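Q: Provided herewith: final.cif, mmCIF, C-alpha atoms.
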```
data_query
#
loop_
_atom_site.label_atom_id
_atom_site.label_comp_id
_atom_site.auth_asym_id
_atom_site.auth_seq_id
_atom_site.Cartn_x
_atom_site.Cartn_y
_atom_site.Cartn_z
CA MET A 1 -4.61 -29.11 4.83
CA ALA A 2 -5.70 -26.99 1.89
CA GLY A 3 -9.26 -26.21 2.95
CA LYS A 4 -10.97 -22.86 2.77
CA PRO A 5 -9.15 -19.61 3.49
CA ARG A 6 -9.63 -18.56 7.09
CA LEU A 7 -9.93 -14.89 7.95
CA ILE A 8 -8.88 -13.69 11.39
CA TYR A 9 -10.24 -10.26 12.33
CA LEU A 10 -12.97 -8.50 14.25
CA ASN A 11 -16.62 -8.88 13.36
CA GLY A 12 -16.66 -5.71 11.30
CA ARG A 13 -15.42 -4.21 8.05
CA GLY A 14 -12.13 -2.51 8.89
CA ARG A 15 -9.16 -3.59 6.80
CA MET A 16 -10.56 -7.06 6.17
CA GLU A 17 -13.59 -6.01 4.15
CA PRO A 18 -11.81 -5.61 0.77
CA ILE A 19 -10.48 -9.14 1.25
CA ARG A 20 -13.99 -10.50 1.94
CA TRP A 21 -15.22 -8.68 -1.18
CA LEU A 22 -12.46 -10.13 -3.37
CA LEU A 23 -12.85 -13.70 -2.17
CA ALA A 24 -16.62 -13.47 -2.54
CA ALA A 25 -16.38 -11.94 -6.00
CA ALA A 26 -13.99 -14.73 -7.01
CA GLY A 27 -16.56 -17.27 -5.77
CA VAL A 28 -14.23 -18.53 -3.03
CA GLU A 29 -15.86 -19.75 0.18
CA PHE A 30 -14.06 -18.79 3.36
CA GLU A 31 -14.25 -19.18 7.13
CA GLU A 32 -13.94 -16.40 9.67
CA VAL A 33 -12.65 -16.21 13.24
CA PHE A 34 -13.83 -13.09 15.07
CA LEU A 35 -11.79 -11.62 17.89
CA GLU A 36 -13.86 -10.26 20.77
CA THR A 37 -11.25 -9.47 23.42
CA ARG A 38 -7.80 -7.98 23.73
CA GLU A 39 -6.66 -11.23 25.33
CA GLN A 40 -7.49 -13.18 22.18
CA PHE A 41 -5.45 -10.68 20.15
CA GLN A 42 -2.51 -10.89 22.53
CA LYS A 43 -2.63 -14.68 22.41
CA LEU A 44 -2.31 -14.61 18.61
CA ILE A 45 0.73 -12.37 18.98
CA LYS A 46 2.24 -14.59 21.68
CA ASP A 47 1.68 -17.67 19.51
CA GLY A 48 3.70 -15.98 16.75
CA ALA A 49 0.81 -16.12 14.31
CA LEU A 50 0.98 -12.45 13.27
CA MET A 51 4.13 -11.50 11.37
CA PHE A 52 4.08 -7.83 12.42
CA GLN A 53 1.73 -8.30 15.38
CA GLN A 54 -1.13 -6.91 13.34
CA LEU A 55 -4.38 -7.92 11.69
CA PRO A 56 -5.76 -8.72 9.13
CA MET A 57 -4.39 -12.25 8.97
CA VAL A 58 -5.58 -14.82 6.45
CA GLU A 59 -4.64 -18.49 6.60
CA ILE A 60 -4.47 -19.53 2.97
CA ASP A 61 -2.52 -22.22 1.10
CA GLY A 62 -0.37 -23.06 4.10
CA MET A 63 0.60 -19.44 4.74
CA LYS A 64 -0.42 -17.11 7.54
CA MET A 65 -0.66 -14.03 5.35
CA VAL A 66 -0.68 -10.52 6.76
CA GLN A 67 -0.73 -7.02 5.22
CA THR A 68 -3.93 -6.25 3.35
CA ARG A 69 -2.30 -5.40 0.02
CA ALA A 70 -0.16 -8.54 0.01
CA ILE A 71 -3.24 -10.65 0.70
CA LEU A 72 -5.31 -8.92 -2.00
CA SER A 73 -2.49 -9.31 -4.56
CA TYR A 74 -2.14 -13.01 -3.79
CA ILE A 75 -5.86 -13.68 -4.12
CA ALA A 76 -6.08 -11.62 -7.31
CA GLY A 77 -3.13 -13.50 -8.81
CA LYS A 78 -4.43 -16.89 -7.77
CA TYR A 79 -7.95 -16.37 -9.16
CA ASN A 80 -6.97 -14.60 -12.39
CA LEU A 81 -8.22 -11.18 -11.37
CA TYR A 82 -4.90 -9.45 -12.01
CA GLY A 83 -4.82 -8.86 -15.76
CA LYS A 84 -3.01 -10.81 -18.44
CA ASP A 85 0.44 -9.25 -18.22
CA LEU A 86 2.67 -6.85 -16.32
CA LYS A 87 1.21 -3.72 -17.91
CA GLU A 88 -2.39 -4.69 -17.17
CA ARG A 89 -1.33 -5.51 -13.62
CA ALA A 90 0.27 -2.06 -13.39
CA LEU A 91 -2.99 -0.40 -14.42
CA ILE A 92 -4.99 -2.52 -11.99
CA ASP A 93 -2.54 -1.62 -9.23
CA MET A 94 -2.76 2.10 -9.99
CA TYR A 95 -6.55 2.05 -9.88
CA ALA A 96 -6.61 -0.12 -6.75
CA GLU A 97 -4.15 2.13 -4.92
CA GLY A 98 -6.20 5.23 -5.73
CA ILE A 99 -9.34 3.54 -4.48
CA ALA A 100 -7.50 2.39 -1.36
CA ASP A 101 -6.60 6.01 -0.58
CA LEU A 102 -10.29 6.96 -0.79
CA MET A 103 -11.31 3.94 1.30
CA GLN A 104 -8.69 4.88 3.91
CA MET A 105 -10.64 8.10 4.54
CA ILE A 106 -13.81 6.06 5.04
CA LEU A 107 -12.00 3.58 7.27
CA MET A 108 -10.74 6.32 9.57
CA PHE A 109 -13.98 8.32 9.59
CA PRO A 110 -15.71 6.55 12.54
CA PHE A 111 -12.64 7.28 14.66
CA SER A 112 -12.65 11.03 14.03
CA SER A 113 -13.41 13.33 16.95
CA PRO A 114 -16.87 14.93 16.94
CA GLU A 115 -15.35 18.32 15.97
CA THR A 116 -13.66 16.94 12.85
CA LYS A 117 -16.42 14.58 11.67
CA GLU A 118 -18.18 17.11 9.47
CA LYS A 119 -14.92 18.29 7.90
CA ASN A 120 -13.88 14.69 7.23
CA LEU A 121 -17.20 13.89 5.63
CA ASP A 122 -16.80 16.91 3.35
CA SER A 123 -13.29 15.69 2.44
CA ILE A 124 -14.62 12.25 1.50
CA LYS A 125 -17.29 13.82 -0.68
CA GLU A 126 -14.80 16.22 -2.29
CA ARG A 127 -12.17 13.60 -3.01
CA ALA A 128 -14.65 11.07 -4.35
CA THR A 129 -16.30 13.64 -6.60
CA ASN A 130 -13.25 15.59 -7.76
CA ARG A 131 -10.28 13.25 -7.60
CA TYR A 132 -11.24 9.58 -7.78
CA PHE A 133 -14.61 8.99 -9.45
CA PRO A 134 -13.80 11.23 -12.47
CA VAL A 135 -10.83 9.00 -13.29
CA PHE A 136 -12.90 5.83 -13.46
CA GLU A 137 -15.81 7.57 -15.21
CA LYS A 138 -13.38 8.65 -17.93
CA VAL A 139 -11.71 5.23 -18.23
CA LEU A 140 -15.05 3.46 -18.69
CA LYS A 141 -16.30 6.09 -21.13
CA GLN A 142 -13.14 5.96 -23.26
CA HIS A 143 -13.05 2.23 -23.86
CA GLY A 144 -16.77 1.61 -23.54
CA GLN A 145 -16.15 -1.79 -21.95
CA ASP A 146 -17.81 -3.29 -18.92
CA PHE A 147 -14.62 -3.65 -16.89
CA LEU A 148 -11.86 -1.21 -16.03
CA VAL A 149 -8.89 -3.14 -17.45
CA GLY A 150 -8.42 -5.48 -20.39
CA ASN A 151 -12.12 -6.08 -20.98
CA LYS A 152 -12.05 -8.61 -18.15
CA PHE A 153 -13.22 -8.65 -14.54
CA SER A 154 -10.35 -7.81 -12.16
CA LEU A 155 -9.39 -6.72 -8.65
CA ALA A 156 -9.84 -3.10 -9.77
CA ASP A 157 -13.54 -3.63 -10.55
CA VAL A 158 -14.17 -5.30 -7.18
CA GLN A 159 -12.46 -2.48 -5.30
CA LEU A 160 -14.36 0.15 -7.27
CA ILE A 161 -17.80 -1.33 -6.64
CA GLU A 162 -16.95 -1.68 -2.95
CA ALA A 163 -15.83 1.98 -2.84
CA ILE A 164 -18.89 3.26 -4.68
CA LEU A 165 -21.25 1.53 -2.24
CA ALA A 166 -19.21 2.65 0.78
CA VAL A 167 -19.20 6.30 -0.30
CA GLU A 168 -22.91 6.16 -1.16
CA GLU A 169 -23.61 5.10 2.42
CA LYS A 170 -22.20 8.47 3.48
CA VAL A 171 -23.05 10.61 0.45
CA PRO A 172 -26.17 9.10 -1.12
CA ALA A 173 -26.23 11.18 -4.32
CA VAL A 174 -22.49 10.95 -4.97
CA LEU A 175 -22.92 9.22 -8.35
CA SER A 176 -25.30 11.85 -9.68
CA GLY A 177 -22.66 13.31 -12.03
CA PHE A 178 -21.29 9.95 -13.13
CA PRO A 179 -23.53 8.03 -15.57
CA GLN A 180 -20.83 5.51 -16.50
CA LEU A 181 -20.27 4.67 -12.84
CA GLN A 182 -24.01 4.30 -12.32
CA ALA A 183 -24.12 1.74 -15.14
CA PHE A 184 -20.97 0.07 -13.76
CA LYS A 185 -22.55 -0.16 -10.32
CA THR A 186 -25.63 -1.86 -11.75
CA LYS A 187 -23.60 -4.31 -13.87
CA MET A 188 -21.25 -5.27 -11.04
CA SER A 189 -24.08 -5.63 -8.52
CA ASN A 190 -25.75 -8.10 -10.85
CA MET A 191 -22.75 -10.36 -11.34
CA PRO A 192 -23.80 -13.63 -9.68
CA THR A 193 -21.03 -13.81 -7.06
CA ILE A 194 -21.33 -10.15 -6.14
CA LYS A 195 -25.12 -10.27 -6.14
CA LYS A 196 -24.92 -13.10 -3.64
CA PHE A 197 -22.48 -11.14 -1.49
CA LEU A 198 -24.83 -8.17 -1.44
CA GLN A 199 -27.70 -10.22 -0.09
CA PRO A 200 -28.52 -10.48 3.62
CA GLY A 201 -26.85 -13.41 5.34
CA SER A 202 -23.61 -13.09 3.34
CA PRO A 203 -20.22 -12.53 5.02
CA ARG A 204 -20.45 -8.83 4.13
CA LYS A 205 -20.23 -6.74 7.26
CA PRO A 206 -22.44 -3.76 8.16
CA PRO A 207 -21.13 -0.18 8.35
CA PRO A 208 -19.21 0.51 11.57
CA ASP A 209 -21.27 1.74 14.51
CA ASP A 210 -20.26 3.09 17.93
CA CYS A 211 -20.19 -0.43 19.34
CA TYR A 212 -17.68 -1.50 16.70
CA VAL A 213 -15.52 1.58 17.28
CA GLU A 214 -15.47 0.81 20.99
CA LYS A 215 -14.43 -2.79 20.35
CA VAL A 216 -11.59 -1.69 18.05
CA MET A 217 -10.29 0.75 20.67
CA LYS A 218 -10.46 -1.93 23.34
CA ILE A 219 -8.76 -4.69 21.36
CA PHE A 220 -6.10 -2.65 19.54
CA LYS A 221 -5.71 0.18 22.07
CA MET B 1 12.81 10.38 -26.21
CA SER B 2 15.54 8.65 -24.31
CA GLY B 3 13.76 5.46 -23.35
CA LYS B 4 14.92 5.84 -19.78
CA PRO B 5 12.32 6.06 -17.03
CA LYS B 6 11.66 9.68 -16.04
CA LEU B 7 10.85 10.45 -12.43
CA HIS B 8 8.72 13.45 -11.45
CA TYR B 9 9.10 14.51 -7.80
CA THR B 10 10.81 16.98 -5.52
CA LYS B 11 14.56 16.86 -4.89
CA GLY B 12 13.91 15.06 -1.64
CA ARG B 13 13.40 11.44 -0.64
CA GLY B 14 9.72 11.26 0.24
CA LYS B 15 7.77 8.57 -1.55
CA MET B 16 10.06 8.52 -4.56
CA GLU B 17 13.21 7.36 -2.78
CA SER B 18 12.22 3.66 -2.71
CA ILE B 19 11.67 3.87 -6.47
CA ARG B 20 15.13 5.40 -7.00
CA TRP B 21 16.62 2.60 -4.87
CA LEU B 22 14.86 -0.15 -6.83
CA LEU B 23 15.76 1.21 -10.26
CA ALA B 24 19.35 1.76 -9.19
CA ALA B 25 19.64 -1.72 -7.67
CA ALA B 26 18.21 -3.18 -10.90
CA GLY B 27 20.93 -1.31 -12.82
CA VAL B 28 18.40 0.86 -14.64
CA GLU B 29 19.46 4.39 -15.53
CA PHE B 30 16.79 7.01 -15.04
CA GLU B 31 16.18 10.73 -15.50
CA GLU B 32 14.60 13.09 -13.01
CA GLU B 33 12.51 16.22 -13.42
CA PHE B 34 12.29 18.10 -10.14
CA ILE B 35 9.27 19.91 -8.79
CA GLU B 36 10.68 22.98 -7.08
CA THR B 37 7.65 25.24 -6.73
CA LYS B 38 3.89 25.08 -6.28
CA GLU B 39 3.63 26.24 -9.89
CA ASP B 40 5.64 23.23 -11.12
CA LEU B 41 3.11 20.90 -9.45
CA GLU B 42 0.17 22.92 -10.78
CA LYS B 43 1.55 22.61 -14.30
CA LEU B 44 1.75 18.82 -14.06
CA ARG B 45 -1.82 18.76 -12.77
CA ASN B 46 -3.08 21.09 -15.49
CA ASP B 47 -1.31 19.04 -18.15
CA GLY B 48 -3.42 16.09 -17.01
CA VAL B 49 -0.46 13.80 -16.47
CA LEU B 50 -1.14 12.92 -12.82
CA MET B 51 -3.92 10.34 -12.60
CA PHE B 52 -4.95 11.34 -9.07
CA GLN B 53 -3.29 14.78 -9.06
CA GLN B 54 -0.40 13.36 -7.05
CA VAL B 55 3.26 12.50 -7.33
CA PRO B 56 5.34 10.32 -7.51
CA MET B 57 4.83 9.94 -11.22
CA VAL B 58 7.15 7.84 -13.36
CA GLU B 59 7.10 7.91 -17.16
CA MET B 60 8.05 4.42 -18.18
CA ASP B 61 7.30 2.07 -21.08
CA GLY B 62 4.71 4.42 -22.53
CA MET B 63 2.86 4.78 -19.24
CA LYS B 64 2.59 7.70 -16.85
CA MET B 65 2.61 5.59 -13.71
CA VAL B 66 1.44 6.88 -10.35
CA GLN B 67 1.01 5.33 -6.89
CA THR B 68 4.27 4.26 -5.31
CA ARG B 69 3.36 0.60 -4.76
CA ALA B 70 2.07 0.19 -8.33
CA ILE B 71 5.31 1.65 -9.68
CA LEU B 72 7.51 -0.47 -7.42
CA SER B 73 5.58 -3.68 -8.26
CA TYR B 74 5.93 -2.98 -11.98
CA ILE B 75 9.67 -2.39 -11.74
CA ALA B 76 10.14 -5.47 -9.56
CA GLY B 77 8.17 -7.58 -12.03
CA LYS B 78 9.95 -6.22 -15.07
CA TYR B 79 13.46 -6.71 -13.68
CA ASN B 80 12.92 -10.14 -12.12
CA LEU B 81 13.04 -8.95 -8.53
CA TYR B 82 9.64 -10.37 -7.64
CA GLY B 83 10.26 -14.05 -6.97
CA LYS B 84 9.62 -17.02 -9.23
CA ASP B 85 5.94 -17.66 -8.49
CA LEU B 86 2.84 -16.40 -6.72
CA LYS B 87 3.87 -17.65 -3.29
CA GLU B 88 7.33 -16.09 -3.43
CA ARG B 89 5.66 -12.87 -4.55
CA ALA B 90 3.34 -13.10 -1.54
CA TRP B 91 6.31 -13.34 0.84
CA ILE B 92 8.07 -10.45 -0.90
CA ASP B 93 4.88 -8.37 -0.67
CA MET B 94 4.48 -9.12 3.04
CA TYR B 95 8.07 -8.21 3.83
CA VAL B 96 7.91 -5.04 1.74
CA GLU B 97 4.70 -3.89 3.41
CA GLY B 98 6.47 -4.15 6.77
CA THR B 99 9.48 -2.07 5.70
CA THR B 100 7.05 0.36 4.02
CA ASP B 101 5.22 0.87 7.31
CA LEU B 102 8.52 1.46 9.15
CA MET B 103 9.91 3.87 6.55
CA GLY B 104 6.54 5.61 6.40
CA MET B 105 6.94 6.58 10.05
CA ILE B 106 10.44 7.94 9.40
CA ASN B 107 9.43 9.85 6.25
CA VAL B 108 6.92 12.03 8.05
CA LEU B 109 9.20 13.01 10.95
CA PRO B 110 10.57 16.20 9.33
CA PHE B 111 7.02 17.50 8.97
CA GLN B 112 5.95 17.07 12.57
CA PRO B 113 6.00 19.65 15.36
CA ALA B 114 8.91 19.37 17.81
CA ASP B 115 7.02 17.64 20.65
CA ALA B 116 5.46 15.03 18.36
CA LYS B 117 8.84 14.46 16.71
CA GLU B 118 10.50 13.28 19.92
CA LYS B 119 7.66 10.94 20.81
CA ASN B 120 7.50 9.52 17.30
CA MET B 121 11.25 9.03 17.13
CA ALA B 122 11.00 6.87 20.25
CA LEU B 123 8.12 4.94 18.68
CA ILE B 124 10.13 4.41 15.47
CA ILE B 125 13.04 2.96 17.41
CA GLU B 126 10.71 0.76 19.42
CA ARG B 127 8.89 -0.51 16.34
CA ALA B 128 12.10 -1.07 14.41
CA THR B 129 13.69 -3.11 17.18
CA THR B 130 10.66 -5.01 18.49
CA ARG B 131 8.25 -5.33 15.55
CA TYR B 132 10.12 -5.16 12.26
CA PHE B 133 13.82 -6.06 12.50
CA PRO B 134 13.18 -9.25 14.51
CA VAL B 135 11.07 -10.59 11.62
CA TYR B 136 13.82 -10.15 9.03
CA GLU B 137 16.54 -11.30 11.43
CA LYS B 138 14.62 -14.51 12.04
CA ALA B 139 13.74 -15.07 8.36
CA LEU B 140 17.40 -14.83 7.34
CA LYS B 141 18.61 -16.86 10.30
CA ASP B 142 16.06 -19.66 9.75
CA HIS B 143 17.03 -20.40 6.15
CA GLY B 144 20.64 -19.21 6.40
CA GLN B 145 20.58 -17.81 2.86
CA ASP B 146 21.86 -14.46 1.68
CA TYR B 147 18.47 -13.19 0.55
CA LEU B 148 15.05 -13.02 2.15
CA VAL B 149 13.06 -15.00 -0.44
CA GLY B 150 13.92 -17.86 -2.75
CA ASN B 151 17.69 -17.62 -2.39
CA LYS B 152 17.73 -14.79 -4.92
CA LEU B 153 17.95 -11.00 -4.72
CA SER B 154 14.47 -9.47 -4.72
CA TRP B 155 12.67 -6.21 -4.09
CA ALA B 156 12.31 -7.31 -0.44
CA ASP B 157 16.09 -7.29 0.09
CA ILE B 158 16.57 -3.90 -1.55
CA HIS B 159 13.73 -2.39 0.48
CA LEU B 160 15.09 -3.91 3.70
CA LEU B 161 18.54 -2.42 3.10
CA GLU B 162 16.95 0.98 2.48
CA ALA B 163 14.94 0.63 5.71
CA ILE B 164 18.04 -0.38 7.69
CA LEU B 165 20.09 2.58 6.48
CA THR B 166 17.19 4.97 7.05
CA ALA B 167 16.65 3.65 10.58
CA GLU B 168 20.38 3.94 11.30
CA GLU B 169 20.12 7.63 10.49
CA CYS B 170 17.67 7.82 13.42
CA LYS B 171 19.84 5.72 15.73
CA PRO B 172 23.29 4.68 14.48
CA ASP B 173 23.53 1.52 16.60
CA ILE B 174 19.97 0.39 15.93
CA LEU B 175 21.25 -2.94 14.53
CA SER B 176 23.21 -3.76 17.66
CA GLY B 177 20.90 -6.62 18.63
CA PHE B 178 20.70 -8.03 15.10
CA PRO B 179 23.89 -9.80 13.99
CA VAL B 180 22.28 -11.47 10.98
CA LEU B 181 20.97 -8.12 9.73
CA GLN B 182 24.40 -6.60 10.19
CA ALA B 183 25.85 -9.27 7.92
CA PHE B 184 22.96 -8.77 5.48
CA LYS B 185 23.65 -5.04 5.42
CA GLY B 186 27.33 -5.62 4.69
CA ARG B 187 26.70 -8.11 1.90
CA THR B 188 23.84 -6.29 0.22
CA SER B 189 25.62 -2.91 0.31
CA ASN B 190 28.42 -4.51 -1.70
CA ILE B 191 26.25 -5.62 -4.59
CA PRO B 192 27.79 -3.55 -7.43
CA THR B 193 24.67 -1.62 -8.45
CA ILE B 194 23.79 -0.87 -4.83
CA LYS B 195 27.37 0.01 -3.93
CA LYS B 196 27.35 2.53 -6.77
CA PHE B 197 24.05 4.03 -5.55
CA LEU B 198 25.51 4.44 -2.05
CA GLN B 199 28.44 6.48 -3.32
CA PRO B 200 28.47 10.29 -3.44
CA GLY B 201 27.27 11.69 -6.75
CA SER B 202 24.55 9.08 -7.23
CA GLN B 203 20.87 9.95 -7.50
CA ARG B 204 20.28 8.97 -3.89
CA LYS B 205 18.78 11.95 -2.05
CA PRO B 206 19.88 13.39 1.31
CA GLN B 207 17.76 13.49 4.44
CA THR B 208 15.14 16.21 4.57
CA ASP B 209 16.25 19.10 6.79
CA GLU B 210 14.09 21.86 8.23
CA LYS B 211 14.57 24.21 5.33
CA PHE B 212 13.68 21.60 2.74
CA ALA B 213 10.66 20.52 4.78
CA ALA B 214 9.42 24.11 4.62
CA ASP B 215 9.85 24.12 0.83
CA VAL B 216 7.92 20.87 0.53
CA ARG B 217 5.10 22.30 2.63
CA LYS B 218 4.86 25.23 0.21
CA ILE B 219 4.79 23.01 -2.86
CA PHE B 220 2.10 20.68 -1.57
CA ASN B 221 0.26 23.29 0.46
CA PHE B 222 0.12 21.62 3.87
#
```
Just dump the structure as structure tokens.

A:
Amino acid sequence: MAGKPRLIYLNGRGRMEPIRWLLAAAGVEFEEVFLETREQFQKLIKDGALMFQQLPMVEIDGMKMVQTRAILSYIAGKYNLYGKDLKERALIDMYAEGIADLMQMILMFPFSSPETKEKNLDSIKERATNRYFPVFEKVLKQHGQDFLVGNKFSLADVQLIEAILAVEEKVPAVLSGFPQLQAFKTKMSNMPTIKKFLQPGSPRKPPPDDCYVEKVMKIFK
Amino acid sequence: MSGKPKLHYTKGRGKMESIRWLLAAAGVEFEEEFIETKEDLEKLRNDGVLMFQQVPMVEMDGMKMVQTRAILSYIAGKYNLYGKDLKERAWIDMYVEGTTDLMGMINVLPFQPADAKEKNMALIIERATTRYFPVYEKALKDHGQDYLVGNKLSWADIHLLEAILTAEECKPDILSGFPVLQAFKGRTSNIPTIKKFLQPGSQRKPQTDEKFAADVRKIFNF
């Protein structure tokens, strides 16, 4: 049964959020199954549904896909968000991997100990401002186009808008030195599929709170 | 300009080793420029050739490519080691992400303090034998073919062989419960390009010892 993709995860952002973003941006409707208990997770493992006993898992096109990057690559390829040739795909991959490194810091942040939280927040701000955002600011400035690669909407643009909004939640003025990224943020936010995703009631998940952190610890130990 | 890919990294395995494996398996000759000091890394950064100030960096086809996965995907795509369609690519990606996670655990061992090292070594062996190897054993057993995906050599097979040999360095008999993987190892090691890479004098790098780990710490300042 072809049907809609079905996302299996917790009711929170975690490693599934970039996948929700990409499907939404591509205009693809999807279903979600939210795990609430460790027993539900163990049952999935026992049933052999999780290749490496891990989440995220996405049921799509007859496959039970795991591994975030594999899932994102498949969706990008399927919905023409992966450039027109190998070289464009390489550029998209490079940008996406850099953004993923920044997002990894944000992902781990809620799980830092109280003593390291401030240091980790400073690291996020430093990396975003000095290592990652300057790259994309420069790329957009140099070609003057709306999208990062090949003058066409791609996975890289979706990941970048997600990252910008995620960092802004922690460092509100982070884009103050980046006029191109400010314009990019406005343009992307107004694309119909993304605009819809940014509205209340969409599958977009809220930032992680203590309750979510507790649930993650309980389910994944 | 030689036209060969040029790899920028230290003389060790690290994140560049999988790239060396893939190029070698694809029969692609490559050059290497080694970062030996902190100053060497600083120079690359100051020259503006490292997109995110990091290595690996591979000069290839007019690009200065960074990010290990991006580089590996490009090489796999270029040399027809990425399956015949989107679905085969998805399977290859899933398998490779698994072996990446396993090798990632092994890569960081030399840089951990002694007490963490022992605990993590035990975890590596546990993960290899209960989480990762069973998946590949079953995949090969179920279809009975020589290669993981689409009855054709792909990036997934090359990466799996690298993971097997790396894990065996941690525990020599780690494949004892996996007869199909043992056969896979034997077959795949005999593929001419791979056989050549496994011989002394190739560009394959040795394991990182304590002294080299200290050098790496100095270069990357950690």

Q: Sorted by chain and rising residue number, list the residues of chain B at most 8 Å from chain A (counting all atoms listed in the file), each with its closest atom pair and distance in Å to one decimal, as JSON lines.

A:
```
{"residue": "B:Met51", "atom": "CA", "partner": "A:Val135", "partner_atom": "CA", "distance": 7.1}
{"residue": "B:Phe52", "atom": "CA", "partner": "A:Arg131", "partner_atom": "CA", "distance": 5.8}
{"residue": "B:Gln53", "atom": "CA", "partner": "A:Arg131", "partner_atom": "CA", "distance": 7.3}
{"residue": "B:Met65", "atom": "CA", "partner": "A:Met94", "partner_atom": "CA", "distance": 7.4}
{"residue": "B:Val66", "atom": "CA", "partner": "A:Met94", "partner_atom": "CA", "distance": 6.4}
{"residue": "B:Gln67", "atom": "CA", "partner": "A:Met94", "partner_atom": "CA", "distance": 5.9}
{"residue": "B:Arg69", "atom": "CA", "partner": "A:Glu97", "partner_atom": "CA", "distance": 7.7}
{"residue": "B:Ala70", "atom": "CA", "partner": "A:Asp93", "partner_atom": "CA", "distance": 5.0}
{"residue": "B:Ile71", "atom": "CA", "partner": "A:Ala90", "partner_atom": "CA", "distance": 7.3}
{"residue": "B:Ser73", "atom": "CA", "partner": "A:Ala90", "partner_atom": "CA", "distance": 7.6}
{"residue": "B:Tyr74", "atom": "CA", "partner": "A:Ala90", "partner_atom": "CA", "distance": 5.9}
{"residue": "B:Gly77", "atom": "CA", "partner": "A:Leu86", "partner_atom": "CA", "distance": 7.0}
{"residue": "B:Lys78", "atom": "CA", "partner": "A:Leu86", "partner_atom": "CA", "distance": 7.4}
{"residue": "B:Leu86", "atom": "CA", "partner": "A:Tyr74", "partner_atom": "CA", "distance": 6.7}
{"residue": "B:Lys87", "atom": "CA", "partner": "A:Tyr74", "partner_atom": "CA", "distance": 7.6}
{"residue": "B:Arg89", "atom": "CA", "partner": "A:Tyr74", "partner_atom": "CA", "distance": 7.8}
{"residue": "B:Ala90", "atom": "CA", "partner": "A:Tyr74", "partner_atom": "CA", "distance": 5.9}
{"residue": "B:Asp93", "atom": "CA", "partner": "A:Ala70", "partner_atom": "CA", "distance": 5.1}
{"residue": "B:Met94", "atom": "CA", "partner": "A:Ala70", "partner_atom": "CA", "distance": 5.6}
{"residue": "B:Glu97", "atom": "CA", "partner": "A:Gln67", "partner_atom": "CA", "distance": 6.5}
{"residue": "B:Gly98", "atom": "CA", "partner": "A:Phe52", "partner_atom": "CA", "distance": 7.2}
{"residue": "B:Arg131", "atom": "CA", "partner": "A:Phe52", "partner_atom": "CA", "distance": 5.8}
{"residue": "B:Tyr132", "atom": "CA", "partner": "A:Phe52", "partner_atom": "CA", "distance": 6.6}
{"residue": "B:Val135", "atom": "CA", "partner": "A:Met51", "partner_atom": "CA", "distance": 7.0}
```

Q: Would you please work out which residue, of B:Tyr147, B:Glu162, B:Glu36, B:Glu168, is nearest to Arg204 in chain B when using all atoms listed in the file?

A: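 Checking each candidate against Arg204 in chain B, we get B:Glu162 as the closest.
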
Q: For the file shown, report as a count of residues only the outcome of the PyMOL selection byres ((chain B and resi 197) around 12) at residue level.

A: 30

Q: Which residues are near Val174 in chain A? Cut-off 12 Å, all atoms listed in the file, ignore same chain within fewer than 3 positions. Put them as a PyMOL selection string.

A: chain A and resi 122+124-130+132-134+163-171+177-179+181-182

Q: Just C-alpha atoms for this one: save the residues we selected as a compact mmCIF listing (two decimals), in the frame of the given file.

A:
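Output file again00.txt is given in full below:
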```txt
# COMPACT_ATOMS: atom_id res chain seq x y z
CA ASP A 122 -16.80 16.91 3.35
CA ILE A 124 -14.62 12.25 1.50
CA LYS A 125 -17.29 13.82 -0.68
CA GLU A 126 -14.80 16.22 -2.29
CA ARG A 127 -12.17 13.60 -3.01
CA ALA A 128 -14.65 11.07 -4.35
CA THR A 129 -16.30 13.64 -6.60
CA ASN A 130 -13.25 15.59 -7.76
CA TYR A 132 -11.24 9.58 -7.78
CA PHE A 133 -14.61 8.99 -9.45
CA PRO A 134 -13.80 11.23 -12.47
CA ALA A 163 -15.83 1.98 -2.84
CA ILE A 164 -18.89 3.26 -4.68
CA LEU A 165 -21.25 1.53 -2.24
CA ALA A 166 -19.21 2.65 0.78
CA VAL A 167 -19.20 6.30 -0.30
CA GLU A 168 -22.91 6.16 -1.16
CA GLU A 169 -23.61 5.10 2.42
CA LYS A 170 -22.20 8.47 3.48
CA VAL A 171 -23.05 10.61 0.45
CA GLY A 177 -22.66 13.31 -12.03
CA PHE A 178 -21.29 9.95 -13.13
CA PRO A 179 -23.53 8.03 -15.57
CA LEU A 181 -20.27 4.67 -12.84
CA GLN A 182 -24.01 4.30 -12.32
```

Q: Ranking A:Gln180, A:Gln40, A:Gln159, A:Thr116 by minimum distance to Gln145 in chain A and counting all atoms listed in the file, which one comes first?

A: A:Gln180

Q: Enter the distance from CA of Asp157 in chain B to CA of Glu88 in chain B, in Å, rounded to one decimal.

A: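 Going from CA of Asp157 in chain B over to CA of Glu88 in chain B covers 12.9 Å.
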
Q: Please, what distance in Å, to one decimal, runs between CA of Phe41 in chain A and CA of Met105 in chain B?

A: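 Spanning CA of Phe41 in chain A to CA of Met105 in chain B is a straight-line distance of 23.5 Å.
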
Q: Considering all atoms listed in the file, state which residue in the set A:Lys84, A:Glu162, A:Leu7, A:Lys185 is at the smallest distance from Lys64 in chain A.

A: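 Answer, going by the shortest atom-to-atom distance: A:Leu7.
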
Q: Go ahead and compute the interatomic distance for CA of Ala163 in chain B and CA of Ile35 in chain B, in Å to one decimal.

A: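 One can read the CA of Ala163 in chain B to CA of Ile35 in chain B distance as 24.8 Å.
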